[in-house]
>>> print(open('target38.pdb').read())   # PDB, C-alpha atoms
ATOM      1  CA  MET A   1      26.141 -58.999  -3.949
ATOM      2  CA  THR A   2      27.225 -62.549  -3.245
ATOM      3  CA  ASN A   3      27.155 -64.333  -6.610
ATOM      4  CA  GLU A   4      26.804 -67.745  -4.983
ATOM      5  CA  LYS A   5      23.596 -66.800  -3.222
ATOM      6  CA  ILE A   6      20.115 -67.743  -4.353
ATOM      7  CA  TYR A   7      17.966 -64.772  -3.440
ATOM      8  CA  GLU A   8      14.473 -65.673  -2.280
ATOM      9  CA  ILE A   9      11.712 -63.071  -2.539
ATOM     10  CA  THR A  10       8.178 -63.267  -1.145
ATOM     11  CA  CYS A  11       5.377 -61.040  -2.449
ATOM     12  CA  HIS A  12       2.331 -60.487  -0.236
ATOM     13  CA  GLY A  13      -0.598 -58.945  -2.071
ATOM     14  CA  ARG A  14      -4.315 -59.060  -2.557
ATOM     15  CA  GLY A  15      -6.087 -60.670  -5.464
ATOM     16  CA  GLY A  16      -6.174 -58.216  -8.374
ATOM     17  CA  GLN A  17      -3.091 -56.200  -7.370
ATOM     18  CA  GLY A  18      -0.765 -58.083  -9.690
ATOM     19  CA  ALA A  19       1.491 -59.820  -7.154
ATOM     20  CA  ILE A  20       1.560 -63.142  -9.013
ATOM     21  CA  THR A  21       2.380 -61.418 -12.290
ATOM     22  CA  GLY A  22       4.886 -59.266 -10.392
ATOM     23  CA  ALA A  23       6.801 -62.332  -9.162
ATOM     24  CA  LEU A  24       6.984 -63.598 -12.735
ATOM     25  CA  LEU A  25       8.058 -60.206 -14.100
ATOM     26  CA  LEU A  26      10.781 -60.006 -11.445
ATOM     27  CA  CYS A  27      12.177 -63.288 -12.740
ATOM     28  CA  GLU A  28      12.057 -62.082 -16.347
ATOM     29  CA  VAL A  29      13.829 -58.825 -15.475
ATOM     30  CA  ALA A  30      16.473 -60.644 -13.401
ATOM     31  CA  TYR A  31      17.145 -63.121 -16.213
ATOM     32  CA  ALA A  32      17.478 -60.303 -18.750
ATOM     33  CA  ASP A  33      19.858 -58.545 -16.337
ATOM     34  CA  GLY A  34      22.248 -61.504 -16.220
ATOM     35  CA  TYR A  35      20.929 -63.920 -13.616
ATOM     36  CA  LYS A  36      21.634 -67.501 -14.656
ATOM     37  CA  ASP A  37      18.540 -69.142 -13.182
ATOM     38  CA  VAL A  38      15.186 -67.777 -12.021
ATOM     39  CA  LEU A  39      12.029 -69.364 -10.666
ATOM     40  CA  SER A  40       8.556 -67.953 -10.048
ATOM     41  CA  ILE A  41       6.217 -69.831  -7.699
ATOM     42  CA  PRO A  42       2.613 -68.642  -7.367
ATOM     43  CA  LYS A  43       0.609 -69.801  -4.374
ATOM     44  CA  ILE A  44      -2.962 -69.840  -5.599
ATOM     45  CA  GLY A  45      -5.826 -71.076  -3.484
ATOM     46  CA  ALA A  46      -9.426 -69.914  -3.691
ATOM     47  CA  GLU A  47      -8.240 -66.610  -5.089
ATOM     48  CA  ARG A  48     -10.685 -63.733  -5.395
ATOM     49  CA  ARG A  49     -10.251 -59.997  -5.759
ATOM     50  CA  GLY A  50      -9.076 -58.527  -2.470
ATOM     51  CA  ALA A  51      -8.171 -61.845  -0.842
ATOM     52  CA  PRO A  52      -4.611 -62.196   0.557
ATOM     53  CA  ILE A  53      -2.273 -64.068  -1.788
ATOM     54  CA  LYS A  54       1.428 -64.961  -1.898
ATOM     55  CA  ALA A  55       3.862 -65.373  -4.732
ATOM     56  CA  PHE A  56       7.547 -66.232  -4.632
ATOM     57  CA  SER A  57      10.605 -65.613  -6.781
ATOM     58  CA  LYS A  58      14.038 -67.208  -6.577
ATOM     59  CA  ILE A  59      16.923 -65.721  -8.534
ATOM     60  CA  SER A  60      20.540 -66.830  -8.807
ATOM     61  CA  ARG A  61      23.560 -65.254 -10.508
ATOM     62  CA  ILE A  62      25.523 -68.463 -11.069
ATOM     63  CA  ARG A  63      23.802 -71.407  -9.372
ATOM     64  CA  GLU A  64      21.070 -73.625 -10.722
ATOM     65  CA  ILE A  65      17.920 -73.464  -8.598
ATOM     66  CA  LYS A  66      16.907 -76.987  -7.582
ATOM     67  CA  ASN A  67      14.519 -76.218  -4.727
ATOM     68  CA  PHE A  68      10.997 -75.629  -6.036
ATOM     69  CA  ALA A  69       9.353 -75.253  -2.617
ATOM     70  CA  ALA A  70       7.651 -72.080  -1.476
ATOM     71  CA  VAL A  71       9.836 -69.556   0.359
ATOM     72  CA  ASP A  72       9.547 -69.609   4.154
ATOM     73  CA  ASP A  73      12.471 -67.332   5.110
ATOM     74  CA  ALA A  74      12.628 -64.611   2.470
ATOM     75  CA  ASP A  75      15.686 -62.484   1.819
ATOM     76  CA  ILE A  76      13.384 -59.770   0.472
ATOM     77  CA  THR A  77       9.700 -59.337   1.271
ATOM     78  CA  ILE A  78       7.480 -57.119  -0.876
ATOM     79  CA  ILE A  79       4.231 -55.955   0.720
ATOM     80  CA  TYR A  80       1.737 -54.832  -1.941
ATOM     81  CA  ASP A  81      -0.779 -53.578   0.639
ATOM     82  CA  SER A  82       0.252 -52.387   4.104
ATOM     83  CA  SER A  83      -3.035 -53.629   5.616
ATOM     84  CA  LEU A  84      -1.678 -57.154   5.098
ATOM     85  CA  LEU A  85       0.950 -56.589   7.805
ATOM     86  CA  ALA A  86      -1.656 -57.242  10.494
ATOM     87  CA  LEU A  87      -2.487 -60.702   9.130
ATOM     88  CA  PRO A  88      -0.841 -63.873  10.491
ATOM     89  CA  GLY A  89       2.023 -65.075   8.335
ATOM     90  CA  VAL A  90       3.026 -61.658   6.990
ATOM     91  CA  ALA A  91       5.020 -59.375   9.346
ATOM     92  CA  ASP A  92       5.427 -62.171  11.894
ATOM     93  CA  ALA A  93       6.956 -64.424   9.223
ATOM     94  CA  ILE A  94       9.783 -61.984   8.425
ATOM     95  CA  LYS A  95      13.004 -63.162  10.061
ATOM     96  CA  HIS A  96      15.714 -61.149   8.322
ATOM     97  CA  GLY A  97      16.591 -59.348   5.116
ATOM     98  CA  THR A  98      14.855 -56.400   3.496
ATOM     99  CA  VAL A  99      11.208 -55.367   3.444
ATOM    100  CA  LEU A 100       9.642 -53.126   0.778
ATOM    101  CA  ILE A 101       6.177 -51.796   1.672
ATOM    102  CA  ASN A 102       3.728 -50.005  -0.601
ATOM    103  CA  THR A 103       2.449 -47.252   1.688
ATOM    104  CA  ASN A 104       2.294 -43.501   2.161
ATOM    105  CA  SER A 105       1.737 -43.862   5.921
ATOM    106  CA  GLU A 106       3.950 -44.348   8.939
ATOM    107  CA  VAL A 107       5.127 -47.882   9.587
ATOM    108  CA  ASP A 108       5.454 -49.481  13.021
ATOM    109  CA  LEU A 109       9.031 -50.716  12.892
ATOM    110  CA  SER A 110       8.625 -52.709  16.103
ATOM    111  CA  GLN A 111       6.744 -55.417  14.195
ATOM    112  CA  PHE A 112       9.923 -56.362  12.320
ATOM    113  CA  PRO A 113      13.174 -57.898  13.601
ATOM    114  CA  GLU A 114      15.822 -55.281  14.391
ATOM    115  CA  ASN A 115      18.213 -56.660  11.761
ATOM    116  CA  THR A 116      15.829 -56.003   8.853
ATOM    117  CA  LYS A 117      16.119 -53.094   6.445
ATOM    118  CA  ILE A 118      12.767 -51.376   5.817
ATOM    119  CA  TYR A 119      11.811 -49.308   2.759
ATOM    120  CA  THR A 120       8.551 -47.719   1.660
ATOM    121  CA  SER A 121       7.287 -46.259  -1.598
ATOM    122  CA  PRO A 122       3.769 -44.820  -2.187
ATOM    123  CA  VAL A 123       3.107 -47.057  -5.175
ATOM    124  CA  THR A 124      -0.700 -46.952  -4.985
ATOM    125  CA  ASP A 125      -0.577 -43.140  -4.998
ATOM    126  CA  ILE A 126       1.732 -43.200  -8.013
ATOM    127  CA  ALA A 127      -0.490 -45.625  -9.934
ATOM    128  CA  LEU A 128      -3.532 -43.436  -9.250
ATOM    129  CA  GLU A 129      -1.668 -40.243 -10.178
ATOM    130  CA  MET A 130      -0.641 -41.805 -13.502
ATOM    131  CA  ASN A 131      -4.029 -43.446 -14.134
ATOM    132  CA  LEU A 132      -2.362 -46.863 -14.160
ATOM    133  CA  LEU A 133      -5.535 -48.868 -13.597
ATOM    134  CA  ALA A 134      -7.158 -52.130 -14.649
ATOM    135  CA  SER A 135     -10.902 -52.495 -14.093
ATOM    136  CA  GLY A 136     -10.691 -49.399 -11.895
ATOM    137  CA  TYR A 137      -7.991 -50.829  -9.597
ATOM    138  CA  PRO A 138      -4.386 -49.536  -9.389
ATOM    139  CA  ILE A 139      -1.770 -51.800 -10.959
ATOM    140  CA  LEU A 140       1.214 -52.134  -8.627
ATOM    141  CA  ASN A 141       3.579 -54.820  -9.906
ATOM    142  CA  VAL A 142       5.784 -52.934 -12.385
ATOM    143  CA  PRO A 143       6.020 -49.824 -10.159
ATOM    144  CA  LEU A 144       7.055 -52.043  -7.240
ATOM    145  CA  LEU A 145       9.760 -53.565  -9.449
ATOM    146  CA  GLY A 146      11.043 -50.036 -10.009
ATOM    147  CA  ALA A 147      11.196 -49.507  -6.258
ATOM    148  CA  LEU A 148      12.853 -52.908  -5.813
ATOM    149  CA  SER A 149      15.623 -51.880  -8.201
ATOM    150  CA  LYS A 150      16.746 -49.204  -5.716
ATOM    151  CA  ILE A 151      16.596 -50.986  -2.378
ATOM    152  CA  LYS A 152      19.635 -52.517  -0.718
ATOM    153  CA  TYR A 153      20.110 -55.946   0.766
ATOM    154  CA  LYS A 154      22.636 -56.687   3.492
ATOM    155  CA  ASP A 155      24.777 -59.800   3.121
ATOM    156  CA  GLU A 156      28.250 -60.906   4.132
ATOM    157  CA  SER A 157      29.832 -58.697   1.473
ATOM    158  CA  GLY A 158      28.027 -55.568   2.702
ATOM    159  CA  GLU A 159      25.036 -53.662   1.346
ATOM    160  CA  ASN A 160      24.167 -54.279  -2.288
ATOM    161  CA  THR A 161      21.283 -53.925  -4.705
ATOM    162  CA  LEU A 162      19.931 -56.854  -6.692
ATOM    163  CA  GLY A 163      21.337 -55.220  -9.818
ATOM    164  CA  LEU A 164      17.985 -54.809 -11.562
ATOM    165  CA  ASN A 165      17.989 -52.142 -14.260
ATOM    166  CA  LEU A 166      15.131 -49.700 -14.859
ATOM    167  CA  GLU A 167      15.729 -49.887 -18.608
ATOM    168  CA  THR A 168      15.306 -53.650 -18.462
ATOM    169  CA  ILE A 169      12.039 -53.147 -16.596
ATOM    170  CA  ARG A 170      10.999 -50.859 -19.455
ATOM    171  CA  GLU A 171      11.820 -53.508 -22.073
ATOM    172  CA  ILE A 172       9.966 -56.277 -20.228
ATOM    173  CA  ALA A 173       6.939 -54.057 -19.497
ATOM    174  CA  THR A 174       6.716 -52.996 -23.143
ATOM    175  CA  LYS A 175       6.964 -56.606 -24.316
ATOM    176  CA  LYS A 176       4.283 -57.729 -21.852
ATOM    177  CA  PHE A 177       1.864 -54.822 -21.913
ATOM    178  CA  GLY A 178       2.352 -53.185 -25.310
ATOM    179  CA  SER A 179       1.213 -49.573 -25.368
ATOM    180  CA  LYS A 180       0.659 -49.612 -21.581
ATOM    181  CA  GLY A 181       4.279 -50.637 -21.019
ATOM    182  CA  GLU A 182       5.569 -47.071 -21.166
ATOM    183  CA  ALA A 183       3.076 -45.903 -18.512
ATOM    184  CA  ASN A 184       4.141 -48.830 -16.311
ATOM    185  CA  TYR A 185       7.788 -47.870 -16.808
ATOM    186  CA  LYS A 186       7.164 -44.229 -15.900
ATOM    187  CA  ALA A 187       5.407 -45.359 -12.721
ATOM    188  CA  ALA A 188       8.376 -47.637 -11.951
ATOM    189  CA  VAL A 189      10.777 -44.701 -12.302
ATOM    190  CA  GLU A 190       8.610 -42.575 -10.008
ATOM    191  CA  ALA A 191       8.348 -45.379  -7.425
ATOM    192  CA  ALA A 192      12.150 -45.675  -7.466
ATOM    193  CA  LYS A 193      12.492 -41.915  -6.931
ATOM    194  CA  ARG A 194      10.073 -41.903  -4.014
ATOM    195  CA  ILE A 195      11.712 -44.707  -2.038
ATOM    196  CA  VAL A 196      12.124 -43.924   1.657
ATOM    197  CA  GLU A 197      14.596 -45.902   3.763
ATOM    198  CA  LEU A 198      13.179 -46.193   7.277
ATOM    199  CA  ARG A 199      15.946 -48.347   8.717
TER     200      ARG A 199
END
>>> encode(input="target38.pdb", output="structure tokens")
Amino acid sequence: MTNEKIYEITCHGRGGQGAITGALLLCEVAYADGYKDVLSIPKIGAERRGAPIKAFSKISRIREIKNFAAVDDADITIIYDSSLLALPGVADAIKHGTVLINTNSEVDLSQFPENTKIYTSPVTDIALEMNLLASGYPILNVPLLGALSKIKYKDESGENTLGLNLETIREIATKKFGSKGEANYKAAVEAAKRIVELR
């Protein structure tokens, strides 16, 4: 990993899936794992359950983050729901970097630039298997953080992970969600195990 770099992450989700909380949790985990500066930026409009939403995270090992604008060229893109890929401003907005998609289905790689790395993990399936639900809907944010901890990003120094630790995810999830934190952590571990690298 290039310590000088500010990593910019975009989360595409639907209202109720936990993407906004997920962007915030990513920042908390990164900070606990040694990042000097972190920033979470929700993009909230007329949000309703099921409506497309975006949230952004910026994390830096040694630099102070001074740009508070939304991310328009993400280093890492997290897709909470693969049906979002067909919407304008999702797949067609990805220019480089790494993409993590919550899906158990085949992915059309032609919709992404050739230089992107593509990973999938069946996070919805895992949440349902582990009964990780809120108001009957699967909770995806902590499991997707588990998957994120295992993916690799390509930069000028080669292929590296973000250096996020599953045990740190456990600590943050327990602090945030109390007794449900352990279930979230177990789902994160399973999501990390079931990562598939497509390219």
>>> closest_residue(input="target38.pdb", among="A:Pro88, A:Gly136, A:Pro143, A:Gly50", to="A:Leu100", atoms="only C-alpha atoms")
A:Pro143
>>> atom_distance(input="target38.pdb", atom1="atom CA of A:Ala19", atom2="atom CA of A:Leu109")
23.3 Å
>>> residues_around(input="target38.pdb", residues="A:Met130", least_positions_apart="6", cutoff="12 Å", atoms="all atoms listed in the file", output="JSON, numbers by chain")
{"A": [123, 124, 138, 139, 140, 143, 180, 182, 183, 184, 185, 186, 187, 188, 189, 190, 191]}
>>> write_last_selection(input="target38.pdb", atoms="C-alpha atoms", output="mmCIF file, keeping the file's coordinate frame")
data_model
loop_
_atom_site.group_PDB
_atom_site.id
_atom_site.type_symbol
_atom_site.label_atom_id
_atom_site.label_comp_id
_atom_site.auth_asym_id
_atom_site.auth_seq_id
_atom_site.Cartn_x
_atom_site.Cartn_y
_atom_site.Cartn_z
ATOM 1 C CA VAL A 123 3.107 -47.057 -5.175
ATOM 2 C CA THR A 124 -0.700 -46.952 -4.985
ATOM 3 C CA PRO A 138 -4.386 -49.536 -9.389
ATOM 4 C CA ILE A 139 -1.770 -51.800 -10.959
ATOM 5 C CA LEU A 140 1.214 -52.134 -8.627
ATOM 6 C CA PRO A 143 6.020 -49.824 -10.159
ATOM 7 C CA LYS A 180 0.659 -49.612 -21.581
ATOM 8 C CA GLU A 182 5.569 -47.071 -21.166
ATOM 9 C CA ALA A 183 3.076 -45.903 -18.512
ATOM 10 C CA ASN A 184 4.141 -48.830 -16.311
ATOM 11 C CA TYR A 185 7.788 -47.870 -16.808
ATOM 12 C CA LYS A 186 7.164 -44.229 -15.900
ATOM 13 C CA ALA A 187 5.407 -45.359 -12.721
ATOM 14 C CA ALA A 188 8.376 -47.637 -11.951
ATOM 15 C CA VAL A 189 10.777 -44.701 -12.302
ATOM 16 C CA GLU A 190 8.610 -42.575 -10.008
ATOM 17 C CA ALA A 191 8.348 -45.379 -7.425
#
>>> atom_distance(input="target38.pdb", atom1="atom CA of A:Val107", atom2="atom CA of A:Leu198")
8.5 Å
>>> residues_around(input="target38.pdb", residues="stretch 27-40 of chain A", least_positions_apart="2", cutoff="9 Å", atoms="all atoms listed in the file", output="list in words")
Ile20, Gly22, Ala23, Leu24, Leu25, Pro42, Ala55, Phe56, Ser57, Lys58, Ile59, Ser60, Arg61, Ile62, Arg63, Glu64, Ile65, Phe68, Leu145, Leu162, Gly163, Leu164, Asn165, Thr168, Ile169, Glu171 and Ile172 of chain A
>>> atom_distance(input="target38.pdb", atom1="atom CA of A:Lys193", atom2="atom CA of A:Ile118")
15.9 Å
>>> residues_around(input="target38.pdb", residues="A:Asp75", least_positions_apart="2", cutoff="9 Å", atoms="only C-alpha atoms", output="MDAnalysis selection string")
chainID A and resid 7:10 73 77 94:99 153
>>> residues_around(input="target38.pdb", residues="A:Gly16", least_positions_apart="2", cutoff="8 Å", atoms="all atoms listed in the file", output="list in words")
Arg14, Gly18, Ala19, Arg48, Arg49, Gly50 and Tyr137 of chain A
>>> closest_residue(input="target38.pdb", among="A:Ile53, A:Leu144, A:Ile41, A:Ala173", to="A:Ala70", atoms="only C-alpha atoms")
A:Ile41
>>> closest_residue(input="target38.pdb", among="A:Ser121, A:Gly13, A:Thr161, A:Glu114", to="A:Leu87", atoms="all atoms listed in the file")
A:Gly13
>>> resolve_selection(input="target38.pdb", expression="the PyMOL selection byres ((chain A and resi 196) around 8)", output="ChimeraX atom specification")
/A:119-121,194-195,197-198
>>> closest_residue(input="target38.pdb", among="A:Val90, A:Leu85, A:Val71, A:Ile101", to="A:Ile151", atoms="only C-alpha atoms")
A:Ile101
>>> residues_around(input="target38.pdb", residues="A:Lys54", least_positions_apart="2", cutoff="6 Å", atoms="all atoms listed in the file", output="mmCIF file with C-alpha atoms, in the coordinates of the input")
data_model
loop_
_atom_site.group_PDB
_atom_site.id
_atom_site.type_symbol
_atom_site.label_atom_id
_atom_site.label_comp_id
_atom_site.auth_asym_id
_atom_site.auth_seq_id
_atom_site.Cartn_x
_atom_site.Cartn_y
_atom_site.Cartn_z
ATOM 1 C CA CYS A 11 5.377 -61.040 -2.449
ATOM 2 C CA HIS A 12 2.331 -60.487 -0.236
ATOM 3 C CA LYS A 43 0.609 -69.801 -4.374
#
>>> closest_residue(input="target38.pdb", among="A:Lys117, A:Asp92, A:Leu166, A:Gly181", to="A:Leu26", atoms="all atoms listed in the file")
A:Leu166
>>> build_atoms(input="target38.pdb", residues="stretch 23-38 of chain A", atoms="N, CA, C and O atoms", output="PDB file, keeping the file's coordinate frame")
ATOM      1  N   ALA A  23       5.747 -61.349  -9.451  1.00  0.00           N
ATOM      2  CA  ALA A  23       6.801 -62.332  -9.162  1.00  0.00           C
ATOM      3  C   ALA A  23       7.385 -62.900 -10.451  1.00  0.00           C
ATOM      4  O   ALA A  23       8.596 -63.130 -10.560  1.00  0.00           O
ATOM      5  N   LEU A  24       6.526 -63.106 -11.432  1.00  0.00           N
ATOM      6  CA  LEU A  24       6.984 -63.598 -12.735  1.00  0.00           C
ATOM      7  C   LEU A  24       7.797 -62.536 -13.469  1.00  0.00           C
ATOM      8  O   LEU A  24       8.860 -62.825 -14.031  1.00  0.00           O
ATOM      9  N   LEU A  25       7.327 -61.295 -13.445  1.00  0.00           N
ATOM     10  CA  LEU A  25       8.058 -60.206 -14.100  1.00  0.00           C
ATOM     11  C   LEU A  25       9.425 -59.996 -13.462  1.00  0.00           C
ATOM     12  O   LEU A  25      10.410 -59.720 -14.157  1.00  0.00           O
ATOM     13  N   LEU A  26       9.496 -60.124 -12.133  1.00  0.00           N
ATOM     14  CA  LEU A  26      10.781 -60.006 -11.445  1.00  0.00           C
ATOM     15  C   LEU A  26      11.766 -61.028 -11.991  1.00  0.00           C
ATOM     16  O   LEU A  26      12.935 -60.706 -12.256  1.00  0.00           O
ATOM     17  N   CYS A  27      11.304 -62.250 -12.191  1.00  0.00           N
ATOM     18  CA  CYS A  27      12.177 -63.288 -12.740  1.00  0.00           C
ATOM     19  C   CYS A  27      12.620 -62.945 -14.161  1.00  0.00           C
ATOM     20  O   CYS A  27      13.783 -63.140 -14.522  1.00  0.00           O
ATOM     21  N   GLU A  28      11.711 -62.432 -14.971  1.00  0.00           N
ATOM     22  CA  GLU A  28      12.057 -62.082 -16.347  1.00  0.00           C
ATOM     23  C   GLU A  28      13.077 -60.948 -16.383  1.00  0.00           C
ATOM     24  O   GLU A  28      14.026 -60.973 -17.182  1.00  0.00           O
ATOM     25  N   VAL A  29      12.883 -59.942 -15.531  1.00  0.00           N
ATOM     26  CA  VAL A  29      13.829 -58.825 -15.475  1.00  0.00           C
ATOM     27  C   VAL A  29      15.189 -59.313 -14.990  1.00  0.00           C
ATOM     28  O   VAL A  29      16.237 -58.963 -15.562  1.00  0.00           O
ATOM     29  N   ALA A  30      15.208 -60.130 -13.942  1.00  0.00           N
ATOM     30  CA  ALA A  30      16.473 -60.644 -13.401  1.00  0.00           C
ATOM     31  C   ALA A  30      17.223 -61.457 -14.457  1.00  0.00           C
ATOM     32  O   ALA A  30      18.439 -61.305 -14.620  1.00  0.00           O
ATOM     33  N   TYR A  31      16.498 -62.303 -15.183  1.00  0.00           N
ATOM     34  CA  TYR A  31      17.145 -63.121 -16.213  1.00  0.00           C
ATOM     35  C   TYR A  31      17.734 -62.231 -17.307  1.00  0.00           C
ATOM     36  O   TYR A  31      18.871 -62.440 -17.754  1.00  0.00           O
ATOM     37  N   ALA A  32      16.984 -61.224 -17.726  1.00  0.00           N
ATOM     38  CA  ALA A  32      17.478 -60.303 -18.750  1.00  0.00           C
ATOM     39  C   ALA A  32      18.666 -59.489 -18.245  1.00  0.00           C
ATOM     40  O   ALA A  32      19.511 -59.062 -19.030  1.00  0.00           O
ATOM     41  N   ASP A  33      18.749 -59.301 -16.924  1.00  0.00           N
ATOM     42  CA  ASP A  33      19.858 -58.545 -16.337  1.00  0.00           C
ATOM     43  C   ASP A  33      21.026 -59.436 -15.915  1.00  0.00           C
ATOM     44  O   ASP A  33      21.888 -59.008 -15.148  1.00  0.00           O
ATOM     45  N   GLY A  34      21.056 -60.684 -16.387  1.00  0.00           N
ATOM     46  CA  GLY A  34      22.248 -61.504 -16.220  1.00  0.00           C
ATOM     47  C   GLY A  34      22.178 -62.610 -15.201  1.00  0.00           C
ATOM     48  O   GLY A  34      23.170 -63.324 -15.001  1.00  0.00           O
ATOM     49  N   TYR A  35      21.040 -62.791 -14.537  1.00  0.00           N
ATOM     50  CA  TYR A  35      20.929 -63.920 -13.616  1.00  0.00           C
ATOM     51  C   TYR A  35      20.872 -65.219 -14.426  1.00  0.00           C
ATOM     52  O   TYR A  35      20.210 -65.284 -15.470  1.00  0.00           O
ATOM     53  N   LYS A  36      21.554 -66.244 -13.921  1.00  0.00           N
ATOM     54  CA  LYS A  36      21.634 -67.501 -14.656  1.00  0.00           C
ATOM     55  C   LYS A  36      20.348 -68.301 -14.562  1.00  0.00           C
ATOM     56  O   LYS A  36      19.905 -68.921 -15.538  1.00  0.00           O
ATOM     57  N   ASP A  37      19.735 -68.327 -13.380  1.00  0.00           N
ATOM     58  CA  ASP A  37      18.540 -69.142 -13.182  1.00  0.00           C
ATOM     59  C   ASP A  37      17.534 -68.358 -12.359  1.00  0.00           C
ATOM     60  O   ASP A  37      17.905 -67.630 -11.425  1.00  0.00           O
ATOM     61  N   VAL A  38      16.268 -68.480 -12.722  1.00  0.00           N
ATOM     62  CA  VAL A  38      15.186 -67.777 -12.021  1.00  0.00           C
ATOM     63  C   VAL A  38      14.005 -68.724 -11.896  1.00  0.00           C
ATOM     64  O   VAL A  38      13.841 -69.643 -12.709  1.00  0.00           O
TER      65      VAL A  38
END
